[in-house]
Structures are given as structure tokens and as C-alpha cells.
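Q: My questions will all concern the structure given below.
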Amino acid sequence: WVPVFFVCLSMRSVSAQDSLGVQYSLNARGTFKEGQLNQTILSIDGNYILASQYWETDFFTNYKYLKTNGRVGENELFSRVLISILPKKSVFPLIGYIYYKSEFYQIQRRHTPGLGLGWRLFENQLSNIKFNAWLAYDDTDFKTISGYNTLRINAFLVGNHKLMPDKLSLQYTLYLLQSIEERDNYIWRIEP
């Protein structure tokens, strides 16, 4: 017999004024198992968007924690900040930044700031797809290697599709973080 507890919390609110819009969401999930297998799984993510007619700031963060029988398998923090100029245009300039920390990959910290472009690929009342890319300076400290640097193209595709309005939607982000200097140095990341 193994007791299993599952916790889920989700909050979402959208408000707008004449010239400034605010959107935010917070989602938290947890699973706790005890018995022959003791396991704790936590996942928390949040998104905050502050927008006006001329600029938009989009902050996303995701935290994951996994511990099995007293051993930490993952303790990961992934954050992304985008500052877009003239975001209502189909193509617009942006400043991008990614912060990453991972126990599993032994990354103590990774900073990747840079400049690039955003592109609204598709947008209507039920769906929107946006592509963002920027040239980034990657400054990473691993537990075993300090001061690793490379230039990267950070690119990601964000989709949001309302399958059943106000009831069911599909949201996803597909990342590709590719080093310009080292062909085999890349990261794929998918967040459904």
C-alpha cells in the first residue's frame, strides 16, 4: 500500500486599462508518495506580462524539484525575460534574457542576454503563434567548469490555441538554444 497525494493550484487573471495591460498566471503541482518508494515532485511556473501600445515585458519562470528516497534528482530553475519594442507590429525588436540553473546537469548558473527580433506568425481570436530569436552571450558556470562562454542563437516558438473557449486550451513553447561556435552544443526544450 502506497499513499499518494497530488496537489494542484492554478490562478489566472487578465485585466486591462486604456493604455496598459497586465496578464499573469501561476500554476503549482505536487505529488508526494510514501511507502517502499518515497518521492516528492514539485513543479511551479508563472508568467507575468505588462504591455502598452509601444512596449511589452514578458517574464516567465519555471521551477522543478524531484527527490526520490532521499536523493535529489532535479532542482531546476528556468527563467526567461523578453522586452519587446512595438510589439503590435508583425516583426519587432526585442531584448531577451534566459537564466538557468540545474542540479541534474550540474549547472550552477547560466546567463544568456542578447538582442534580436520577434515575429507574430499567426494571430486571430482563437489562436496565436509567435516566434522570438536573439543573439545571446552565454556565460555558464558548471560545478566542474567555471567561466564557460559561447555565443548562442536563442530561438523559441510560443503557441496558444483555444480549443474550447473558456474551457480548454493548448499552450506550448518550443526552445532551441544553439551555440554559433560549437555545432554540437545545443539545447532543445519543450514545454507543453
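Identifiers in the C-alpha cells: chain A, B, ... in order shown; residue index from 1 per chain; ligand index from 1 in order shown.
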Please provide as a tab-separated table (two decimals) with N, CA and C atoms, in the first residue's frame all residues within 9 Å of range 113-122 of chain A, with the sequence filter that same-chain residues fewer than 3 positions apart are discarded (counting only C-alpha atoms).
A:
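And here's result28.tsv as it stands now:
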```tsv
chain	number	residue	atom	x	y	z
A	84	SER	N	9.93	43.69	-25.53
A	84	SER	CA	9.65	43.92	-26.95
A	84	SER	C	9.32	45.39	-27.17
A	87	PRO	N	5.40	45.92	-29.94
A	87	PRO	CA	5.01	44.51	-30.03
A	87	PRO	C	3.76	44.25	-30.88
A	88	LYS	N	3.02	45.29	-31.24
A	88	LYS	CA	1.82	45.10	-32.06
A	88	LYS	C	2.16	44.91	-33.54
A	89	LYS	N	3.38	45.24	-33.94
A	89	LYS	CA	3.83	45.06	-35.32
A	89	LYS	C	4.02	43.56	-35.57
A	90	SER	N	4.06	43.16	-36.84
A	90	SER	CA	4.26	41.74	-37.13
A	90	SER	C	5.71	41.31	-36.87
A	91	VAL	N	6.68	42.21	-37.09
A	91	VAL	CA	8.09	41.96	-36.76
A	91	VAL	C	8.54	43.13	-35.89
A	92	PHE	N	9.22	42.81	-34.77
A	92	PHE	CA	9.58	43.86	-33.82
A	92	PHE	C	10.90	43.52	-33.13
A	93	PRO	N	11.67	44.55	-32.71
A	93	PRO	CA	12.93	44.30	-31.99
A	93	PRO	C	12.65	43.88	-30.55
A	94	LEU	N	13.60	43.11	-29.99
A	94	LEU	CA	13.44	42.70	-28.59
A	94	LEU	C	14.78	42.53	-27.90
A	95	ILE	N	14.73	42.60	-26.59
A	95	ILE	CA	15.86	42.27	-25.72
A	95	ILE	C	15.46	40.98	-25.02
A	96	GLY	N	16.31	39.97	-25.09
A	96	GLY	CA	15.99	38.67	-24.48
A	96	GLY	C	17.01	38.29	-23.42
A	97	TYR	N	16.55	37.52	-22.45
A	97	TYR	CA	17.43	37.05	-21.37
A	97	TYR	C	16.89	35.72	-20.86
A	98	ILE	N	17.79	34.75	-20.68
A	98	ILE	CA	17.44	33.46	-20.07
A	98	ILE	C	18.39	33.20	-18.91
A	99	TYR	N	17.82	32.78	-17.78
A	99	TYR	CA	18.60	32.32	-16.63
A	99	TYR	C	18.25	30.86	-16.40
A	127	SER	N	-6.43	31.58	-31.85
A	127	SER	CA	-5.05	31.07	-31.88
A	127	SER	C	-4.05	32.19	-32.10
A	128	ASN	N	-2.87	32.00	-31.55
A	128	ASN	CA	-1.75	32.87	-31.90
A	128	ASN	C	-0.46	32.09	-31.77
A	129	ILE	N	0.46	32.38	-32.67
A	129	ILE	CA	1.78	31.75	-32.67
A	129	ILE	C	2.80	32.86	-32.87
A	130	LYS	N	3.80	32.88	-31.99
A	130	LYS	CA	4.83	33.91	-32.04
A	130	LYS	C	6.20	33.25	-32.01
A	131	PHE	N	7.13	33.78	-32.81
A	131	PHE	CA	8.50	33.30	-32.87
A	131	PHE	C	9.42	34.41	-32.38
A	132	ASN	N	10.37	34.08	-31.49
A	132	ASN	CA	11.34	35.04	-30.96
A	132	ASN	C	12.73	34.46	-31.11
A	133	ALA	N	13.69	35.29	-31.47
A	133	ALA	CA	15.09	34.83	-31.58
A	133	ALA	C	16.01	35.99	-31.26
A	134	TRP	N	17.12	35.68	-30.60
A	134	TRP	CA	18.11	36.72	-30.33
A	134	TRP	C	19.50	36.10	-30.25
A	135	LEU	N	20.50	36.92	-30.60
A	135	LEU	CA	21.88	36.54	-30.47
A	135	LEU	C	22.27	36.79	-29.02
A	136	ALA	N	22.73	35.73	-28.34
A	136	ALA	CA	22.96	35.82	-26.90
A	136	ALA	C	24.40	35.48	-26.54
A	137	TYR	N	24.89	36.14	-25.52
A	137	TYR	CA	26.18	35.82	-24.93
A	137	TYR	C	25.92	34.88	-23.75
A	138	ASP	N	26.34	33.62	-23.88
A	138	ASP	CA	26.11	32.60	-22.86
A	138	ASP	C	27.29	32.56	-21.90
A	154	ASN	N	19.35	32.06	-29.42
A	154	ASN	CA	18.24	31.59	-28.59
A	154	ASN	C	16.96	31.82	-29.38
```
Q: How would you write, as a PyMOL selection string, the set of residues in range 30-138 of chain A that DSSP gives as strand (DSSP E)?
A: chain A and resi 30-33+39-51+55-68+71-85+91-102+107-123+127-138
Q: Mind dumping a table of every range 77-103 of chain A residue within 9 Å of range 53-67 of chain A, with the nearest atom pair and its distance in Å to one decimal, using only C-alpha atoms, sorted by chain and rising number, as JSON lines?
A:
```
{"residue": "A:Leu77", "atom": "CA", "partner": "A:Tyr63", "partner_atom": "CA", "distance": 4.6}
{"residue": "A:Phe78", "atom": "CA", "partner": "A:Asn62", "partner_atom": "CA", "distance": 5.2}
{"residue": "A:Ser79", "atom": "CA", "partner": "A:Thr61", "partner_atom": "CA", "distance": 4.1}
{"residue": "A:Arg80", "atom": "CA", "partner": "A:Phe60", "partner_atom": "CA", "distance": 5.2}
{"residue": "A:Val81", "atom": "CA", "partner": "A:Phe59", "partner_atom": "CA", "distance": 4.6}
{"residue": "A:Leu82", "atom": "CA", "partner": "A:Asp58", "partner_atom": "CA", "distance": 5.1}
{"residue": "A:Ile83", "atom": "CA", "partner": "A:Thr57", "partner_atom": "CA", "distance": 4.6}
{"residue": "A:Ser84", "atom": "CA", "partner": "A:Glu56", "partner_atom": "CA", "distance": 5.1}
{"residue": "A:Ile85", "atom": "CA", "partner": "A:Trp55", "partner_atom": "CA", "distance": 4.5}
{"residue": "A:Leu86", "atom": "CA", "partner": "A:Tyr54", "partner_atom": "CA", "distance": 4.5}
{"residue": "A:Pro87", "atom": "CA", "partner": "A:Trp55", "partner_atom": "CA", "distance": 6.0}
{"residue": "A:Lys88", "atom": "CA", "partner": "A:Gln53", "partner_atom": "CA", "distance": 7.1}
```
Q: Can you work out which one of A:Tyr100, A:Tyr105, A:Tyr48, A:Trp188 has the shortest atom-to-atom distance to Leu176 in chain A, counting only C-alpha atoms?
A: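 Looking at the shortest contact to Leu176 in chain A, the residue is A:Trp188.
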Q: Which residue is closest to Thr112 in chain A? Choose from A:Ala51, A:Leu151, A:Leu37, A:Leu20 and count only C-alpha atoms.
A: A:Leu151
Q: For the atom pair CA of Asp139 in chain A and CA of Ser179 in chain A, what is the interatomic distance in Å to one decimal place?
A: 11.8 Å
Q: Calculate how many Å separate CA of Phe156 in chain A from CA of Leu42 in chain A, rounding to one decimal.
A: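 Those two atoms sit 24.7 Å apart.
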Q: I'd like the neighbourhood of Gln125 in chain A as an NGL selection string, where a residue qualifies if any of its atoms comes within 10 Å (using only C-alpha atoms), though same-chain residues fewer than 3 positions away should be ignored.
A: :A and (128 or 161-162 or 165)
Q: Mind dumping the selected residues with all heavy atoms as a short mmCIF file (atom, residue, chain, number, x, y, z; two decimals), in the first residue's frame?
A:
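Ended up saving to again.cif:
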```
data_model
loop_
_atom_site.label_atom_id
_atom_site.label_comp_id
_atom_site.auth_asym_id
_atom_site.auth_seq_id
_atom_site.Cartn_x
_atom_site.Cartn_y
_atom_site.Cartn_z
N ASN A 128 -2.87 32.00 -31.55
CA ASN A 128 -1.75 32.87 -31.90
C ASN A 128 -0.46 32.09 -31.77
O ASN A 128 -0.32 31.22 -30.90
CB ASN A 128 -1.74 34.17 -31.08
CG ASN A 128 -1.54 33.94 -29.61
OD1 ASN A 128 -0.52 33.43 -29.20
ND2 ASN A 128 -2.52 34.33 -28.82
N HIS A 161 -3.67 28.07 -28.35
CA HIS A 161 -4.84 27.75 -29.16
C HIS A 161 -6.02 27.44 -28.24
O HIS A 161 -5.95 26.55 -27.41
CB HIS A 161 -4.56 26.54 -30.06
CG HIS A 161 -3.29 26.68 -30.84
ND1 HIS A 161 -3.23 27.42 -32.00
CD2 HIS A 161 -2.04 26.22 -30.62
CE1 HIS A 161 -1.99 27.39 -32.47
NE2 HIS A 161 -1.25 26.67 -31.65
N LYS A 162 -7.10 28.18 -28.40
CA LYS A 162 -8.32 27.96 -27.62
C LYS A 162 -9.14 26.89 -28.33
O LYS A 162 -9.84 27.17 -29.30
CB LYS A 162 -9.11 29.26 -27.48
CG LYS A 162 -8.36 30.31 -26.70
CD LYS A 162 -9.13 31.61 -26.65
CE LYS A 162 -8.31 32.66 -25.92
NZ LYS A 162 -8.94 33.97 -25.94
N PRO A 165 -13.26 27.65 -26.18
CA PRO A 165 -13.08 28.93 -25.46
C PRO A 165 -13.58 28.88 -24.02
O PRO A 165 -14.65 28.36 -23.74
CB PRO A 165 -13.89 29.92 -26.31
CG PRO A 165 -13.83 29.33 -27.69
CD PRO A 165 -13.88 27.83 -27.48
#
```
Q: Nearest to Glu182 in chain A: which of A:Ile44, A:Leu126, A:Ile153, A:Leu170 is it, counting only C-alpha atoms?
A: A:Ile153
Q: Hey, which of A:Gln178, A:Asn149, A:Thr144, A:Gln171 ends up closest to Ile190 in chain A? Count only C-alpha atoms.
A: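 Using only C-alpha atoms, the shortest distance to Ile190 in chain A belongs to A:Gln171.
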Q: At what distance in Å, to one decimal, does CA of Lys143 in chain A lie from CA of Gln108 in chain A?
A: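 Straight-line distance from CA of Gln108 in chain A to CA of Lys143 in chain A works out to 6.1 Å.
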